[in-house]
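Quick notes on the structure that follows.
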Amino acid sequence: MDGSNAEPVRERLNSEPTLFDRVRLRIGKAADLGSVNSLIQSAIATWELPERVKRVSKPLYHYDEIDLQFQQLLIAQADDGDIIGTAAWEPADPVDAPAGNSALLLHGIYVAPGLHRQGIGSRLLNAAEEVARSGKLDALLVKAQAGAELFFLARGYQKLPVIDPRRDYPHRYWKKISAKGSD
């Protein structure tokens, strides 16, 4: 092979849309809750936890219509209509934000198993950061599953120390969103 066909192949590969490019983000609604909760169950099944812990904790991670009154639910939807990722957030309680900062609390990011490392979680996280920025909040606060540490650290988040073990969730991450005062 002399390489004469390499450039057209490279152009074609670079021009084909990736899953990242074909995913549409939209606000979730009550009609999405069944699919969202099914996705969350699938995601939890991949966590490195004892099976019993996964089984008993799954219902605790489900969203319902009451949650939608307080939290915003974002959906990552594939071009075939499947829900392949979700994230939910709400304003953080001031007690949870370090040193009197204001924050958006990200409850979680869930991506369908088999679709990790394709940018879906990053797009959902970027959307949450933009909501915090447009709301003129100081930061994004995340209470994550233990196995998500590298994901958040790689994106510039700092792990918050546990000051009060009775109150502080041990896997909290914080990122300053420098938008306050800028219009």
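Quick note on naming: the chains in the structure tokens go A, B, ... in the order shown, residues restart at 1 in each chain, and ligands are numbered from 1 in order of appearance.
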
### Query
Could you pull the residues within 9 Å of range 71-84 of chain A, counting only C-alpha atoms, minus those fewer than 2 positions along the same chain, as a PyMOL selection string?
chain A and resi 19+22-29+32+35-36+39+66-69+86-91+110-113+115+120-121+123-124+127-128

Write a file of the selected residues as a compact mmCIF listing (two decimals), in the first residue's frame, keeping N, CA and C atoms.
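Final output, saved to result.txt:
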```txt
# COMPACT_ATOMS: atom_id res chain seq x y z
N LEU A 19 -20.80 9.80 18.25
CA LEU A 19 -21.95 9.77 19.15
C LEU A 19 -22.06 11.10 19.89
N ARG A 22 -23.91 13.51 17.87
CA ARG A 22 -25.30 13.16 17.56
C ARG A 22 -26.22 13.20 18.77
N VAL A 23 -25.68 13.45 19.93
CA VAL A 23 -26.49 13.48 21.15
C VAL A 23 -27.10 14.87 21.31
N ARG A 24 -28.39 14.88 21.60
CA ARG A 24 -29.11 16.13 21.83
C ARG A 24 -29.40 16.24 23.33
N LEU A 25 -29.13 17.40 23.91
CA LEU A 25 -29.46 17.64 25.31
C LEU A 25 -30.78 18.38 25.36
N ARG A 26 -31.63 17.97 26.31
CA ARG A 26 -32.93 18.63 26.48
C ARG A 26 -33.35 18.50 27.94
N ILE A 27 -34.28 19.35 28.34
CA ILE A 27 -34.81 19.30 29.70
C ILE A 27 -35.72 18.08 29.83
N GLY A 28 -35.58 17.36 30.93
CA GLY A 28 -36.41 16.20 31.19
C GLY A 28 -37.78 16.60 31.72
N LYS A 29 -38.73 15.70 31.51
CA LYS A 29 -40.10 15.94 31.99
C LYS A 29 -40.62 14.66 32.63
N ASP A 32 -40.44 11.27 31.02
CA ASP A 32 -39.12 10.65 30.86
C ASP A 32 -38.71 9.82 32.07
N SER A 35 -37.86 5.96 31.79
CA SER A 35 -36.61 5.70 31.05
C SER A 35 -35.39 6.18 31.84
N VAL A 36 -35.51 7.33 32.49
CA VAL A 36 -34.41 7.86 33.28
C VAL A 36 -34.08 6.91 34.43
N LEU A 39 -32.35 3.85 33.20
CA LEU A 39 -30.96 4.17 32.90
C LEU A 39 -30.13 4.23 34.18
N ILE A 66 -42.22 14.67 42.08
CA ILE A 66 -41.95 15.67 43.13
C ILE A 66 -40.54 16.23 42.97
N ASP A 67 -39.57 15.37 42.62
CA ASP A 67 -38.20 15.85 42.40
C ASP A 67 -38.16 16.92 41.31
N LEU A 68 -38.99 16.77 40.30
CA LEU A 68 -38.98 17.73 39.18
C LEU A 68 -39.48 19.11 39.60
N GLN A 69 -40.12 19.20 40.75
CA GLN A 69 -40.54 20.50 41.27
C GLN A 69 -39.36 21.28 41.85
N THR A 86 -28.21 11.25 31.74
CA THR A 86 -29.03 12.22 32.47
C THR A 86 -28.20 12.83 33.59
N ALA A 87 -28.62 14.01 33.97
CA ALA A 87 -28.03 14.72 35.11
C ALA A 87 -29.14 15.51 35.77
N ALA A 88 -29.01 15.74 37.06
CA ALA A 88 -30.01 16.52 37.80
C ALA A 88 -29.31 17.45 38.76
N TRP A 89 -29.88 18.64 38.92
CA TRP A 89 -29.29 19.62 39.83
C TRP A 89 -30.35 20.53 40.42
N GLU A 90 -29.92 21.23 41.47
CA GLU A 90 -30.75 22.24 42.14
C GLU A 90 -29.80 23.19 42.87
N PRO A 91 -30.30 24.33 43.31
CA PRO A 91 -29.44 25.22 44.10
C PRO A 91 -28.97 24.49 45.36
N TYR A 110 -25.47 10.23 35.03
CA TYR A 110 -25.59 8.81 34.72
C TYR A 110 -25.54 8.65 33.21
N VAL A 111 -24.68 7.74 32.75
CA VAL A 111 -24.54 7.45 31.33
C VAL A 111 -24.76 5.96 31.14
N ALA A 112 -25.45 5.62 30.07
CA ALA A 112 -25.76 4.21 29.79
C ALA A 112 -24.47 3.39 29.73
N PRO A 113 -24.47 2.23 30.38
CA PRO A 113 -23.31 1.34 30.29
C PRO A 113 -23.01 1.05 28.81
N LEU A 115 -21.55 3.14 26.91
CA LEU A 115 -21.39 4.43 26.24
C LEU A 115 -20.50 5.39 27.03
N ILE A 120 -20.36 11.93 26.70
CA ILE A 120 -21.73 12.22 27.12
C ILE A 120 -21.76 12.81 28.52
N GLY A 121 -21.05 12.19 29.45
CA GLY A 121 -20.98 12.72 30.81
C GLY A 121 -20.36 14.11 30.84
N ARG A 123 -20.48 16.36 28.46
CA ARG A 123 -21.47 17.32 27.94
C ARG A 123 -22.50 17.66 29.01
N LEU A 124 -22.95 16.66 29.75
CA LEU A 124 -23.91 16.91 30.83
C LEU A 124 -23.28 17.79 31.91
N ALA A 127 -23.00 21.35 30.75
CA ALA A 127 -24.31 22.01 30.80
C ALA A 127 -24.62 22.48 32.23
N ALA A 128 -24.30 21.65 33.22
CA ALA A 128 -24.52 22.05 34.61
C ALA A 128 -23.64 23.25 34.97
```

### Query
What lies within 9 Å of Ala146 in chain A using only C-alpha atoms, ignoring chain neighbours under 5 positions off, as a list in words?
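My reading of the contact set: Trp47, Glu48, Pro170 and His171 of chain A.
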
### Query
Given the choices A:Ala97, A:Leu49, A:Leu60, A:Leu33, which gets closest to Ala139 in chain A if the distance is worked out from only C-alpha atoms?
A:Ala97

### Message
Need to verify the contact set: Pro59 in chain A, 12 Å, only C-alpha atoms, exclusion of same-chain residues closer than 5 positions in sequence. Can you return it as an MDAnalysis selection string?
### Response
chainID A and resid 37:38 40:41 44 53:54 64

When DSSP works through the backbone of this structure, what residues of chain A end up as strand (DSSP E), shown as a JSON list (two decimals) with N, CA and C atoms, in the first residue's frame?
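Output file selection.json is given in full below:
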```json
[["chain", "number", "residue", "atom", "x", "y", "z"],
["A", 24, "ARG", "N", -28.39, 14.88, 21.60],
["A", 24, "ARG", "CA", -29.11, 16.13, 21.83],
["A", 24, "ARG", "C", -29.40, 16.24, 23.33],
["A", 25, "LEU", "N", -29.13, 17.40, 23.91],
["A", 25, "LEU", "CA", -29.46, 17.64, 25.31],
["A", 25, "LEU", "C", -30.78, 18.38, 25.36],
["A", 26, "ARG", "N", -31.63, 17.97, 26.31],
["A", 26, "ARG", "CA", -32.93, 18.63, 26.48],
["A", 26, "ARG", "C", -33.35, 18.50, 27.94],
["A", 27, "ILE", "N", -34.28, 19.35, 28.34],
["A", 27, "ILE", "CA", -34.81, 19.30, 29.70],
["A", 27, "ILE", "C", -35.72, 18.08, 29.83],
["A", 72, "GLN", "N", -33.75, 20.39, 38.31],
["A", 72, "GLN", "CA", -33.82, 20.37, 36.86],
["A", 72, "GLN", "C", -33.18, 19.07, 36.40],
["A", 73, "LEU", "N", -33.84, 18.40, 35.50],
["A", 73, "LEU", "CA", -33.38, 17.13, 34.96],
["A", 73, "LEU", "C", -32.98, 17.37, 33.51],
["A", 74, "LEU", "N", -31.75, 17.02, 33.18],
["A", 74, "LEU", "CA", -31.27, 17.17, 31.81],
["A", 74, "LEU", "C", -31.11, 15.78, 31.21],
["A", 75, "ILE", "N", -31.54, 15.66, 29.98],
["A", 75, "ILE", "CA", -31.53, 14.38, 29.27],
["A", 75, "ILE", "C", -30.54, 14.45, 28.12],
["A", 76, "ALA", "N", -29.74, 13.42, 27.96],
["A", 76, "ALA", "CA", -28.91, 13.24, 26.75],
["A", 76, "ALA", "C", -29.63, 12.18, 25.93],
["A", 77, "GLN", "N", -30.07, 12.58, 24.75],
["A", 77, "GLN", "CA", -30.89, 11.71, 23.92],
["A", 77, "GLN", "C", -30.15, 11.43, 22.61],
["A", 83, "ILE", "N", -32.83, 7.55, 25.55],
["A", 83, "ILE", "CA", -32.20, 8.34, 26.60],
["A", 83, "ILE", "C", -30.94, 7.59, 27.01],
["A", 84, "ILE", "N", -29.78, 8.23, 26.80],
["A", 84, "ILE", "CA", -28.51, 7.55, 27.06],
["A", 84, "ILE", "C", -27.70, 8.23, 28.17],
["A", 85, "GLY", "N", -28.24, 9.29, 28.72],
["A", 85, "GLY", "CA", -27.56, 9.96, 29.82],
["A", 85, "GLY", "C", -28.51, 10.93, 30.49],
["A", 86, "THR", "N", -28.21, 11.25, 31.74],
["A", 86, "THR", "CA", -29.03, 12.22, 32.47],
["A", 86, "THR", "C", -28.20, 12.83, 33.59],
["A", 87, "ALA", "N", -28.62, 14.01, 33.97],
["A", 87, "ALA", "CA", -28.03, 14.72, 35.11],
["A", 87, "ALA", "C", -29.14, 15.51, 35.77],
["A", 88, "ALA", "N", -29.01, 15.74, 37.06],
["A", 88, "ALA", "CA", -30.01, 16.52, 37.80],
["A", 88, "ALA", "C", -29.31, 17.45, 38.76],
["A", 89, "TRP", "N", -29.88, 18.64, 38.92],
["A", 89, "TRP", "CA", -29.29, 19.62, 39.83],
["A", 89, "TRP", "C", -30.35, 20.53, 40.42],
["A", 90, "GLU", "N", -29.92, 21.23, 41.47],
["A", 90, "GLU", "CA", -30.75, 22.24, 42.14],
["A", 90, "GLU", "C", -29.80, 23.19, 42.87],
["A", 91, "PRO", "N", -30.30, 24.33, 43.31],
["A", 91, "PRO", "CA", -29.44, 25.22, 44.10],
["A", 91, "PRO", "C", -28.97, 24.49, 45.36],
["A", 103, "ALA", "N", -23.74, 27.97, 45.18],
["A", 103, "ALA", "CA", -23.41, 26.86, 44.28],
["A", 103, "ALA", "C", -24.66, 26.19, 43.75],
["A", 104, "LEU", "N", -24.46, 25.53, 42.64],
["A", 104, "LEU", "CA", -25.45, 24.62, 42.09],
["A", 104, "LEU", "C", -25.03, 23.23, 42.54],
["A", 105, "LEU", "N", -25.96, 22.45, 43.07],
["A", 105, "LEU", "CA", -25.66, 21.09, 43.53],
["A", 105, "LEU", "C", -26.03, 20.11, 42.43],
["A", 106, "LEU", "N", -25.03, 19.43, 41.90],
["A", 106, "LEU", "CA", -25.24, 18.38, 40.91],
["A", 106, "LEU", "C", -25.45, 17.07, 41.65],
["A", 107, "HIS", "N", -26.65, 16.51, 41.49],
["A", 107, "HIS", "CA", -26.97, 15.26, 42.20],
["A", 107, "HIS", "C", -26.31, 14.05, 41.57],
["A", 108, "GLY", "N", -26.13, 14.08, 40.29],
["A", 108, "GLY", "CA", -25.51, 12.94, 39.66],
["A", 108, "GLY", "C", -25.53, 13.06, 38.16],
["A", 109, "ILE", "N", -24.61, 12.33, 37.56],
["A", 109, "ILE", "CA", -24.56, 12.16, 36.10],
["A", 109, "ILE", "C", -24.58, 10.66, 35.88],
["A", 110, "TYR", "N", -25.47, 10.23, 35.03],
["A", 110, "TYR", "CA", -25.59, 8.81, 34.72],
["A", 110, "TYR", "C", -25.54, 8.65, 33.21],
["A", 111, "VAL", "N", -24.68, 7.74, 32.75],
["A", 111, "VAL", "CA", -24.54, 7.45, 31.33],
["A", 111, "VAL", "C", -24.76, 5.96, 31.14],
["A", 139, "ALA", "N", -20.03, 28.47, 42.10],
["A", 139, "ALA", "CA", -19.41, 27.18, 41.83],
["A", 139, "ALA", "C", -20.44, 26.10, 41.56],
["A", 140, "LEU", "N", -19.91, 24.96, 41.17],
["A", 140, "LEU", "CA", -20.71, 23.74, 41.04],
["A", 140, "LEU", "C", -20.22, 22.78, 42.11],
["A", 141, "LEU", "N", -21.14, 22.25, 42.88],
["A", 141, "LEU", "CA", -20.86, 21.30, 43.95],
["A", 141, "LEU", "C", -21.43, 19.96, 43.52],
["A", 142, "VAL", "N", -20.65, 18.92, 43.69],
["A", 142, "VAL", "CA", -21.06, 17.58, 43.26],
["A", 142, "VAL", "C", -20.96, 16.62, 44.44],
["A", 143, "LYS", "N", -22.00, 15.84, 44.63],
["A", 143, "LYS", "CA", -21.94, 14.71, 45.57],
["A", 143, "LYS", "C", -21.97, 13.47, 44.69],
["A", 158, "GLN", "N", -12.09, 20.00, 42.71],
["A", 158, "GLN", "CA", -11.30, 19.72, 43.90],
["A", 158, "GLN", "C", -12.16, 18.91, 44.86],
["A", 159, "LYS", "N", -11.55, 17.94, 45.48],
["A", 159, "LYS", "CA", -12.27, 17.16, 46.48],
["A", 159, "LYS", "C", -12.33, 17.98, 47.77],
["A", 172, "ARG", "N", -17.41, 14.63, 47.87],
["A", 172, "ARG", "CA", -17.90, 15.93, 47.39],
["A", 172, "ARG", "C", -16.79, 16.62, 46.60],
["A", 173, "TYR", "N", -17.19, 17.19, 45.48],
["A", 173, "TYR", "CA", -16.24, 17.88, 44.61],
["A", 173, "TYR", "C", -16.77, 19.27, 44.32],
["A", 174, "TRP", "N", -15.84, 20.19, 44.07],
["A", 174, "TRP", "CA", -16.16, 21.61, 43.99],
["A", 174, "TRP", "C", -15.36, 22.22, 42.86],
["A", 175, "LYS", "N", -16.03, 23.03, 42.06],
["A", 175, "LYS", "CA", -15.32, 23.78, 41.02],
["A", 175, "LYS", "C", -15.85, 25.20, 40.96],
["A", 176, "LYS", "N", -14.94, 26.16, 41.07],
["A", 176, "LYS", "CA", -15.31, 27.57, 40.95],
["A", 176, "LYS", "C", -15.74, 27.84, 39.52]]
```

### Task
Return as a PyMOL selection string the full set of residues in range 24-180 of chain A whose backbone-based DSSP assignment is alpha helix (DSSP H).
chain A and resi 33-45+51-61+67-70+120-134+149-153

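Of the listed residues A:Val162, A:Leu153, A:Ala30, A:Ala132, the one whose atoms come nearest to Ser102 in chain A is A:Ala132, with distances taken using only C-alpha atoms.
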
### One-decimal distance in Å that lies between CA of Phe152 in chain A and CA of Val95 in chain A
21.6 Å
